[in-house]
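Pasted below: model.txt, compact mmCIF, C-alpha atoms and all ligand atoms.
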# COMPACT_ATOMS: atom_id res chain seq x y z
CA LEU A 14 91.37 88.63 38.29
CA GLN A 15 91.94 86.62 41.42
CA GLY A 16 91.35 82.87 41.22
CA GLU A 17 90.62 80.55 44.12
CA PHE A 18 90.51 76.81 43.72
CA SER A 19 88.86 74.38 46.15
CA VAL A 20 88.99 70.66 45.76
CA ILE A 21 85.91 68.66 46.77
CA GLN A 22 87.11 65.48 48.32
CA ARG A 23 84.93 62.66 49.57
CA ASP A 24 85.59 60.74 52.86
CA THR A 25 86.79 57.90 50.72
CA GLY A 26 89.56 60.10 49.38
CA PHE A 27 88.10 60.42 45.90
CA ILE A 28 88.12 63.86 44.41
CA SER A 29 84.65 64.48 43.06
CA GLY A 30 85.06 68.01 41.80
CA VAL A 31 86.91 71.29 41.70
CA VAL A 32 85.40 74.69 42.42
CA CYS A 33 86.99 77.74 40.94
CA VAL A 34 86.03 81.23 42.07
CA LEU A 35 87.23 84.12 40.00
CA THR A 36 86.94 87.61 41.49
CA ASP A 37 87.60 90.89 39.77
CA ILE A 38 89.90 92.49 42.30
CA THR A 39 91.54 94.96 40.03
CA GLU A 40 89.29 97.92 40.82
CA GLN A 41 89.00 97.08 44.52
CA GLU A 42 92.74 96.50 44.82
CA LYS A 43 93.50 99.73 42.97
CA VAL A 44 91.34 101.78 45.34
CA GLU A 45 92.96 100.09 48.33
CA GLN A 46 96.45 100.66 46.92
CA GLU A 47 95.67 104.34 46.28
CA ARG A 48 94.38 104.71 49.82
CA ARG A 49 97.57 103.18 51.24
CA ASN A 50 99.74 105.42 49.06
CA PHE A 51 97.75 108.45 50.12
CA VAL A 52 98.15 107.75 53.85
CA SER A 53 101.86 107.18 53.35
CA ASN A 54 102.18 110.41 51.30
CA VAL A 55 100.34 112.48 53.91
CA SER A 56 102.58 111.10 56.66
CA HIS A 57 105.74 111.91 54.72
CA GLU A 58 104.52 115.33 53.68
CA LEU A 59 103.83 116.29 57.29
CA ARG A 60 106.90 114.65 58.75
CA THR A 61 109.29 116.76 56.67
CA PRO A 62 108.13 120.18 57.95
CA LEU A 63 107.63 118.81 61.46
CA THR A 64 111.18 117.51 61.55
CA SER A 65 112.54 120.89 60.55
CA VAL A 66 110.35 122.70 63.09
CA LYS A 67 111.64 120.31 65.75
CA SER A 68 115.31 120.82 64.89
CA TYR A 69 115.03 124.60 64.73
CA THR A 70 113.20 124.61 68.06
CA GLU A 71 115.91 122.45 69.61
CA SER A 72 118.63 124.78 68.33
CA LEU A 73 116.82 127.72 69.90
CA GLN A 74 116.52 125.81 73.18
CA ASP A 75 120.23 124.95 73.04
CA GLY A 76 121.11 128.63 73.12
CA ALA A 77 120.44 130.08 69.67
CA TRP A 78 117.64 132.14 71.23
CA LYS A 79 120.34 134.37 72.73
CA ASP A 80 121.77 135.24 69.32
CA PRO A 81 119.93 138.33 68.02
CA ASP A 82 120.91 137.54 64.41
CA ILE A 83 120.08 133.87 64.28
CA ALA A 84 117.01 133.65 66.53
CA PRO A 85 114.67 135.69 64.28
CA GLN A 86 115.71 133.63 61.25
CA PHE A 87 115.00 130.36 63.02
CA LEU A 88 111.65 131.64 64.24
CA GLN A 89 110.81 132.67 60.68
CA VAL A 90 111.49 129.14 59.40
CA ILE A 91 109.31 127.68 62.15
CA SER A 92 106.52 130.08 61.32
CA THR A 93 106.73 129.49 57.53
CA GLU A 94 106.75 125.72 57.90
CA THR A 95 103.86 125.81 60.37
CA GLU A 96 101.84 127.93 57.95
CA ARG A 97 102.53 125.48 55.13
CA MET A 98 101.36 122.58 57.32
CA ILE A 99 98.15 124.46 58.13
CA ARG A 100 97.58 125.11 54.40
CA MET A 101 98.17 121.44 53.70
CA ILE A 102 95.65 120.32 56.33
CA THR A 103 93.09 122.82 55.00
CA ASP A 104 93.64 121.46 51.47
CA LEU A 105 93.35 117.88 52.72
CA LEU A 106 90.09 118.63 54.52
CA ASN A 107 88.71 120.25 51.36
CA LEU A 108 89.69 117.24 49.28
CA SER A 109 88.19 114.89 51.80
CA ARG A 110 84.91 116.83 51.73
CA MET A 111 84.85 116.58 47.96
CA ASP A 112 85.71 112.86 48.10
CA GLN A 113 82.73 112.25 50.35
CA GLY A 114 80.43 114.29 48.14
CA LYS A 115 79.84 116.66 51.05
CA LEU A 116 80.91 119.80 49.27
CA GLN A 117 77.93 121.66 47.86
CA LEU A 118 78.64 124.15 45.12
CA GLU A 119 77.06 127.55 45.63
CA ARG A 120 76.29 128.29 42.04
CA GLU A 121 75.26 131.56 40.50
CA TYR A 122 75.48 133.08 37.03
CA VAL A 123 78.72 135.01 36.77
CA SER A 124 80.31 136.90 33.90
CA MET A 125 83.54 135.00 33.34
CA ASN A 126 85.06 138.11 31.75
CA ASP A 127 84.44 140.17 34.91
CA LEU A 128 85.58 137.41 37.23
CA PHE A 129 88.83 136.81 35.32
CA SER A 130 89.48 140.57 34.97
CA HIS A 131 89.04 141.12 38.71
CA ILE A 132 91.42 138.30 39.51
CA LEU A 133 94.01 139.68 37.07
CA ASP A 134 93.61 143.20 38.52
CA ARG A 135 94.42 141.72 41.90
CA PHE A 136 97.52 139.98 40.52
CA ASP A 137 98.62 143.22 38.83
CA MET A 138 98.49 144.83 42.28
CA VAL A 139 100.54 142.00 43.76
CA LEU A 140 103.17 142.45 41.03
CA GLN A 141 103.54 146.08 42.06
CA SER A 142 104.26 145.10 45.65
CA GLU A 143 107.77 145.18 47.00
CA ALA A 144 108.19 141.42 46.90
CA TYR A 145 107.59 141.27 43.14
CA ARG A 146 108.48 144.69 41.76
CA ASN A 147 112.04 143.82 40.73
CA LYS A 148 110.96 140.56 39.07
CA ASN A 149 109.41 142.48 36.18
CA TYR A 150 106.66 139.98 35.50
CA LYS A 151 104.01 141.11 33.05
CA ILE A 152 100.44 139.95 32.69
CA GLN A 153 99.04 140.15 29.20
CA ARG A 154 95.28 139.88 28.70
CA ASP A 155 93.50 138.54 25.69
CA LEU A 156 89.87 138.23 26.75
CA THR A 157 86.95 137.93 24.37
CA GLN A 158 84.70 140.99 24.18
CA ARG A 159 81.60 138.84 24.34
CA THR A 160 80.27 138.51 27.89
CA LEU A 161 80.26 134.84 28.81
CA TRP A 162 77.83 133.94 31.59
CA VAL A 163 78.64 130.73 33.42
CA ASP A 164 76.81 128.96 36.23
CA ILE A 165 79.57 128.45 38.78
CA ASP A 166 80.62 128.60 42.40
CA GLN A 167 82.53 131.86 42.15
CA ASP A 168 84.74 131.30 45.21
CA LYS A 169 85.76 127.82 44.14
CA VAL A 170 86.56 128.81 40.55
CA THR A 171 88.48 131.84 41.85
CA GLN A 172 90.55 129.45 43.97
CA VAL A 173 91.39 127.41 40.87
CA ILE A 174 92.43 130.45 38.80
CA ASP A 175 94.44 131.85 41.74
CA ASN A 176 96.27 128.58 42.01
CA ILE A 177 97.19 128.43 38.32
CA MET A 178 98.25 132.10 38.37
CA ASN A 179 100.37 131.54 41.49
CA ASN A 180 102.06 128.57 39.85
CA ALA A 181 102.68 130.59 36.68
CA LEU A 182 104.41 133.26 38.78
CA LYS A 183 106.30 130.70 40.84
CA TYR A 184 107.79 129.05 37.76
CA SER A 185 108.36 132.18 35.66
CA PRO A 186 111.83 133.59 35.06
CA ASP A 187 112.37 137.27 35.89
CA GLY A 188 110.87 139.46 33.20
CA GLY A 189 108.51 136.66 32.14
CA THR A 190 105.15 137.39 30.56
CA ILE A 191 102.03 135.53 31.65
CA THR A 192 99.43 135.49 28.93
CA CYS A 193 95.81 135.10 30.00
CA ARG A 194 93.14 134.25 27.48
CA LEU A 195 89.40 133.79 27.59
CA MET A 196 87.53 132.32 24.66
CA GLU A 197 84.44 130.33 23.89
CA THR A 198 83.77 127.22 21.87
CA HIS A 199 80.23 126.23 20.87
CA ASN A 200 79.41 124.81 24.31
CA SER A 201 82.18 125.78 26.67
CA VAL A 202 84.19 128.65 28.02
CA VAL A 203 87.92 128.07 27.84
CA LEU A 204 90.36 130.04 29.95
CA SER A 205 94.10 129.64 29.52
CA ILE A 206 97.17 130.86 31.36
CA THR A 207 100.53 130.63 29.61
CA ASP A 208 103.88 131.20 31.28
CA GLU A 209 107.43 131.35 29.98
CA GLY A 210 108.81 129.16 32.73
CA MET A 211 110.85 125.99 32.89
CA GLY A 212 108.02 123.85 31.54
CA ILE A 213 106.99 120.36 32.59
CA PRO A 214 108.60 117.21 31.17
CA ARG A 215 106.25 115.17 29.01
CA LYS A 216 106.37 112.16 31.34
CA ASP A 217 105.20 114.27 34.30
CA LEU A 218 102.48 116.18 32.49
CA GLN A 219 99.78 113.56 32.96
CA HIS A 220 100.57 113.22 36.68
CA ILE A 221 100.67 116.83 37.92
CA PHE A 222 96.96 116.75 38.77
CA GLU A 223 97.49 113.86 41.19
CA ARG A 224 97.68 114.50 44.91
CA PHE A 225 101.21 115.40 46.08
CA TYR A 226 102.73 114.86 42.65
CA ARG A 227 105.48 117.37 41.96
CA VAL A 228 108.08 117.45 39.25
CA ASP A 229 110.79 118.61 41.63
CA LYS A 230 109.75 117.89 45.20
CA ALA A 231 112.43 119.86 47.01
CA ARG A 232 112.04 122.93 44.82
CA ALA A 233 108.23 122.91 45.00
CA ARG A 234 108.29 122.52 48.80
CA SER A 235 110.81 125.29 49.25
CA MET A 236 108.40 127.55 47.37
CA GLY A 237 105.75 126.84 49.96
CA GLY A 238 103.65 124.49 47.84
CA THR A 239 101.50 121.76 49.30
CA GLY A 240 101.39 119.64 46.14
CA LEU A 241 97.60 119.62 46.35
CA GLY A 242 96.63 122.75 44.42
CA LEU A 243 96.14 121.14 41.02
CA ALA A 244 94.46 118.06 42.54
CA ILE A 245 91.90 120.33 44.21
CA SER A 246 91.50 122.31 41.00
CA ARG A 247 90.70 119.13 39.10
CA GLU A 248 88.06 118.08 41.66
CA VAL A 249 86.45 121.54 41.64
CA LEU A 250 86.22 121.51 37.84
CA MET A 251 84.81 117.99 37.79
CA LEU A 252 82.07 119.11 40.20
CA HIS A 253 81.24 121.86 37.68
CA GLY A 254 81.19 119.43 34.75
CA GLY A 255 84.35 121.11 33.45
CA ARG A 256 87.92 120.06 32.78
CA ILE A 257 91.50 121.12 33.46
CA TRP A 258 94.56 120.19 31.42
CA ALA A 259 97.98 121.46 30.49
CA THR A 260 100.42 121.55 27.61
CA SER A 261 104.08 122.34 28.00
CA VAL A 262 107.41 122.61 26.24
CA GLU A 263 110.45 122.20 28.46
CA ASN A 264 112.46 125.40 28.93
CA LYS A 265 109.84 127.32 26.97
CA GLY A 266 106.81 127.34 29.22
CA SER A 267 103.46 125.82 30.06
CA THR A 268 99.83 126.54 29.35
CA PHE A 269 97.09 125.55 31.74
CA PHE A 270 93.55 125.37 30.37
CA ILE A 271 90.25 125.17 32.16
CA SER A 272 86.94 124.68 30.45
CA LEU A 273 83.46 125.17 31.88
CA PRO A 274 80.11 124.27 30.35
CA TYR A 275 78.47 127.25 28.72
CA GLU A 276 75.23 127.94 26.89
CA SER A 277 74.92 131.04 24.82
CA PHE A 278 71.79 132.89 26.01
CA GLU A 279 71.52 134.98 22.88
CA GLU A 280 71.19 131.89 20.75
CA GLU A 281 68.37 130.62 22.93
CA GLU A 282 66.43 133.85 22.59
CA TRP A 283 66.54 133.73 18.82
P1 LIG A 301 102.55 122.83 44.32
O1 LIG A 301 101.99 123.20 45.65
O2 LIG A 301 103.76 121.96 44.42
O3 LIG A 301 102.70 123.99 43.39
P2 LIG A 301 100.44 121.98 42.50
O4 LIG A 301 99.43 120.90 42.63
O5 LIG A 301 99.93 123.38 42.33
O6 LIG A 301 101.40 121.85 43.75
O7 LIG A 301 101.38 121.65 41.27
C1 LIG A 301 101.93 120.34 41.14
C2 LIG A 301 103.27 120.38 40.41
O8 LIG A 301 103.07 120.73 39.03
C3 LIG A 301 104.25 121.43 40.92
O9 LIG A 301 104.98 120.97 42.02
C4 LIG A 301 105.15 121.62 39.71
O10 LIG A 301 106.11 120.58 39.65
C5 LIG A 301 104.19 121.44 38.54
N1 LIG A 301 103.70 122.73 38.00
C6 LIG A 301 102.50 123.31 38.24
N2 LIG A 301 102.38 124.47 37.56
C7 LIG A 301 103.53 124.63 36.85
C8 LIG A 301 104.02 125.62 35.94
N3 LIG A 301 103.30 126.69 35.62
N4 LIG A 301 105.25 125.43 35.41
C9 LIG A 301 106.00 124.35 35.73
N5 LIG A 301 105.60 123.38 36.58
C10 LIG A 301 104.38 123.51 37.15

Could you express the structure from this file as structure tokens?
Amino acid sequence: LQGEFSVIQRDTGFISGVVCVLTDITEQEKVEQERRNFVSNVSHELRTPLTSVKSYTESLQDGAWKDPDIAPQFLQVISTETERMIRMITDLLNLSRMDQGKLQLEREYVSMNDLFSHILDRFDMVLQSEAYRNKNYKIQRDLTQRTLWVDIDQDKVTQVIDNIMNNALKYSPDGGTITCRLMETHNSVVLSITDEGMGIPRKDLQHIFERFYRVDKARARSMGGTGLGLAISREVLMLHGGRIWATSVENKGSTFFISLPYESFEEEEW
């Protein structure tokens, strides 16, 4: 609460009253503070890759371009960092659209079993590629046999699952198993992805869905992350009337859950 006092004073000098105005500024101030933090975060997040692009470009200009060993490496860094900045801007634009309520979901009834299976097939293919083959990651599936129809924007939910799967791979040790489950409760579909990675400290767990929050900034950046994936995931699920959350044990692994509203059709028919 913010208090403002005014003293009512007559010409004669007598004080005839006091006016006190109390305003609830907490909510307003919080929104304003968040906005300021956000602008400052965006600026920092973009300045870091821009600074490195600038210094690598300068080195090339200073003569490194002539070195056939070094020049391609420098160009690779410039290209990777530029791509990450583009991803970040795309993510920011998506978030901004959701903030303004401009993002319309394109809903349709989708079998969650099929959707999840297709996504996992795709990841199985990725794991066979050269970049991942020697990591020996395994994906284990534990999906309910019952077909669960959900009314969702397929592309958006795919984006969320992709993001959680990519994080699970990013933070998995070589040889790690990623366990993917699909189950139902009486009114929701719950999907979970468990990894055997480094885990997330308890104090950070509640913050990882905030924009740009990362447990280890340098490490997450070096892995190409934008720090916005889970924030976007949370917004997408909220638009669907669903939820996202995580549990974790340090040095053991993490489980990310998403739930989506679900009505069993069979029950309705009976
Ligand atoms: P990033 O682009 O950094 O991956 P995210 O929003 O996807 O951004 O994730 C936010 C942070 O949450 C990550 O930087 C990381 O610290 C933590 N995190 C997310 N998934 C995992 C995971 N499976 N294991 C450990 N930490 C994770």

| task | Quick one: everything within 8 Å of Thr95 in chain A, counting all atoms listed in the file, minus sequence neighbours fewer than 3 positions away in the same chain. Send it as a list in words. | result | Pro62, Val66, Ile91, Ser92, Met98 and Ile99 of chain A

| Residues at most 12 Å from Gln219 in chain A, counting only C-alpha atoms, excluding those fewer than 5 positions away in the same chain, as a list of chain:residue names? | A:Ile213, A:Pro214, A:Tyr226, A:Arg227, A:Val228, A:Leu243, A:Ala244, A:Ile257, A:Trp258, A:Ala259, A:Thr260, A:Ser261

| said: With only C-alpha atoms as the counted atoms, please give the residues lying no more than 9 Å from Pro186 in chain A, apart from itself and same-chain residues fewer than 2 positions off, as an NGL selection string. | reply: :A and (148 or 150 or 182-184 or 188-190 or 209-211)

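Distance-wise, CA of Arg154 in chain A and CA of Met236 in chain A end up 25.9 Å apart.
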
Extending 6 Å beyond the listed atoms of range 210-225 of chain A on each side, what axis-aligned box results? I want centre and edge lengths in Å to one decimal, as JSON.
{"center_x": 103.9, "center_y": 120.7, "center_z": 37.5, "size_x": 25.9, "size_y": 29.0, "size_z": 29.1}

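The environment of Thr171 in chain A within 12 Å, counting only C-alpha atoms and disregarding residues fewer than 4 places along the same chain, consists of Val123, Met125, Asp127, Leu128, Phe129, Ser130, His131, Ile132, Leu133, Arg135, Ile165, Asp166, Gln167, Asp175, Asn176, Ile177, Met178, Asn179, Ser246, Val249, Leu250 and Ile271 of chain A.
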
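Across the structure, atom C2 of ligand LIG 301 (chain A) and CA of Gly240 in chain A are spaced 6.1 Å apart.
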
| Could you pull the residues within 6 Å of range 197-206 of chain A, counting only C-alpha atoms, minus those fewer than 3 positions along the same chain, as a list in words? | Thr192, Cys193, Arg194, Thr268, Phe269, Phe270, Ile271, Ser272, Leu273, Pro274, Tyr275 and Glu276 of chain A

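For the pair CA of Asn54 in chain A and CA of Phe225 in chain A, the interatomic distance is 7.3 Å.
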
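Of the residues under consideration (A:Ile28, A:Lys265, A:Arg215, A:Leu105), A:Leu105 shows the shortest atom-to-atom contact distance to Val52 in chain A when counting all atoms listed in the file.
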
| said: Using all atoms listed in the file for the distances, tell me which of A:Gln172, A:Gln158, A:Gln153, A:Gln41 is nearest to ligand LIG 301 (chain A). | reply: A:Gln172

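Counting only C-alpha atoms and comparing A:Leu156, A:Ile38, A:Val163, A:Val90, the residue that lies closest to Leu195 in chain A is A:Leu156.
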
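Each of A:Thr39, A:Asn147, A:Thr207, A:Ser109 was checked against ligand LIG 301 (chain A) using all atoms listed in the file; the smallest atom-to-atom distance is that of A:Thr207.
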
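The residue that comes closest to Leu63 in chain A, out of A:Thr93, A:Thr25, A:Gln141, A:Asn126 and on the basis of only C-alpha atoms, is A:Thr93.
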
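With all atoms listed in the file as the atoms that count, the minimum distance from ligand LIG 301 (chain A) to the choices A:Glu248, A:Glu94, A:Asp217, A:Asp24 is reached by A:Asp217.
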
Assuming the input is short of atoms at range 21-47 of chain A, produce N, CA and C atoms for that part as an mmCIF file, in the coordinates of the input.
data_model
loop_
_atom_site.group_PDB
_atom_site.id
_atom_site.type_symbol
_atom_site.label_atom_id
_atom_site.label_comp_id
_atom_site.auth_asym_id
_atom_site.auth_seq_id
_atom_site.Cartn_x
_atom_site.Cartn_y
_atom_site.Cartn_z
ATOM 1 N N ILE A 21 86.941 69.354 45.995
ATOM 2 C CA ILE A 21 85.910 68.660 46.770
ATOM 3 C C ILE A 21 86.321 67.185 46.880
ATOM 4 N N GLN A 22 86.586 66.828 48.117
ATOM 5 C CA GLN A 22 87.110 65.480 48.320
ATOM 6 C C GLN A 22 86.164 64.680 49.216
ATOM 7 N N ARG A 23 85.818 63.508 48.778
ATOM 8 C CA ARG A 23 84.930 62.660 49.570
ATOM 9 C C ARG A 23 85.709 62.032 50.736
ATOM 10 N N ASP A 24 84.956 61.443 51.731
ATOM 11 C CA ASP A 24 85.590 60.740 52.860
ATOM 12 C C ASP A 24 86.486 59.611 52.363
ATOM 13 N N THR A 25 86.050 59.032 51.254
ATOM 14 C CA THR A 25 86.790 57.900 50.720
ATOM 15 C C THR A 25 88.124 58.320 50.106
ATOM 16 N N GLY A 26 88.297 59.624 49.954
ATOM 17 C CA GLY A 26 89.560 60.100 49.380
ATOM 18 C C GLY A 26 89.416 60.453 47.915
ATOM 19 N N PHE A 27 88.264 60.065 47.318
ATOM 20 C CA PHE A 27 88.100 60.420 45.900
ATOM 21 C C PHE A 27 87.841 61.900 45.730
ATOM 22 N N ILE A 28 88.397 62.452 44.718
ATOM 23 C CA ILE A 28 88.120 63.860 44.410
ATOM 24 C C ILE A 28 86.936 63.894 43.449
ATOM 25 N N SER A 29 85.834 64.509 43.900
ATOM 26 C CA SER A 29 84.650 64.480 43.060
ATOM 27 C C SER A 29 84.435 65.778 42.278
ATOM 28 N N GLY A 30 85.253 66.769 42.563
ATOM 29 C CA GLY A 30 85.060 68.010 41.800
ATOM 30 C C GLY A 30 86.041 69.091 42.211
ATOM 31 N N VAL A 31 86.052 70.148 41.423
ATOM 32 C CA VAL A 31 86.910 71.290 41.700
ATOM 33 C C VAL A 31 86.062 72.553 41.540
ATOM 34 N N VAL A 32 86.144 73.433 42.534
ATOM 35 C CA VAL A 32 85.400 74.690 42.420
ATOM 36 C C VAL A 32 86.405 75.815 42.191
ATOM 37 N N CYS A 33 86.086 76.619 41.224
ATOM 38 C CA CYS A 33 86.990 77.740 40.940
ATOM 39 C C CYS A 33 86.208 79.044 41.064
ATOM 40 N N VAL A 34 86.692 79.929 41.914
ATOM 41 C CA VAL A 34 86.030 81.230 42.070
ATOM 42 C C VAL A 34 86.950 82.308 41.515
ATOM 43 N N LEU A 35 86.434 83.028 40.557
ATOM 44 C CA LEU A 35 87.230 84.120 40.000
ATOM 45 C C LEU A 35 86.618 85.445 40.464
ATOM 46 N N THR A 36 87.444 86.320 41.036
ATOM 47 C CA THR A 36 86.940 87.610 41.490
ATOM 48 C C THR A 36 87.698 88.719 40.776
ATOM 49 N N ASP A 37 86.950 89.738 40.385
ATOM 50 C CA ASP A 37 87.600 90.890 39.770
ATOM 51 C C ASP A 37 88.097 91.801 40.890
ATOM 52 N N ILE A 38 89.383 91.686 41.190
ATOM 53 C CA ILE A 38 89.900 92.490 42.300
ATOM 54 C C ILE A 38 90.616 93.740 41.825
ATOM 55 N N THR A 39 90.710 93.870 40.515
ATOM 56 C CA THR A 39 91.540 94.960 40.030
ATOM 57 C C THR A 39 91.087 96.315 40.577
ATOM 58 N N GLU A 40 89.797 96.617 40.410
ATOM 59 C CA GLU A 40 89.290 97.920 40.820
ATOM 60 C C GLU A 40 89.418 98.103 42.330
ATOM 61 N N GLN A 41 88.964 97.060 43.047
ATOM 62 C CA GLN A 41 89.000 97.080 44.520
ATOM 63 C C GLN A 41 90.435 97.252 45.016
ATOM 64 N N GLU A 42 91.333 96.487 44.411
ATOM 65 C CA GLU A 42 92.740 96.500 44.820
ATOM 66 C C GLU A 42 93.365 97.864 44.515
ATOM 67 N N LYS A 43 92.958 98.428 43.376
ATOM 68 C CA LYS A 43 93.500 99.730 42.970
ATOM 69 C C LYS A 43 93.115 100.810 43.984
ATOM 70 N N VAL A 44 91.831 100.797 44.382
ATOM 71 C CA VAL A 44 91.340 101.780 45.340
ATOM 72 C C VAL A 44 92.095 101.639 46.656
ATOM 73 N N GLU A 45 92.264 100.380 47.063
ATOM 74 C CA GLU A 45 92.960 100.090 48.330
ATOM 75 C C GLU A 45 94.415 100.556 48.262
ATOM 76 N N GLN A 46 95.048 100.276 47.132
ATOM 77 C CA GLN A 46 96.450 100.660 46.920
ATOM 78 C C GLN A 46 96.586 102.188 46.963
ATOM 79 N N GLU A 47 95.637 102.870 46.299
ATOM 80 C CA GLU A 47 95.670 104.340 46.280
ATOM 81 C C GLU A 47 95.511 104.887 47.689
#
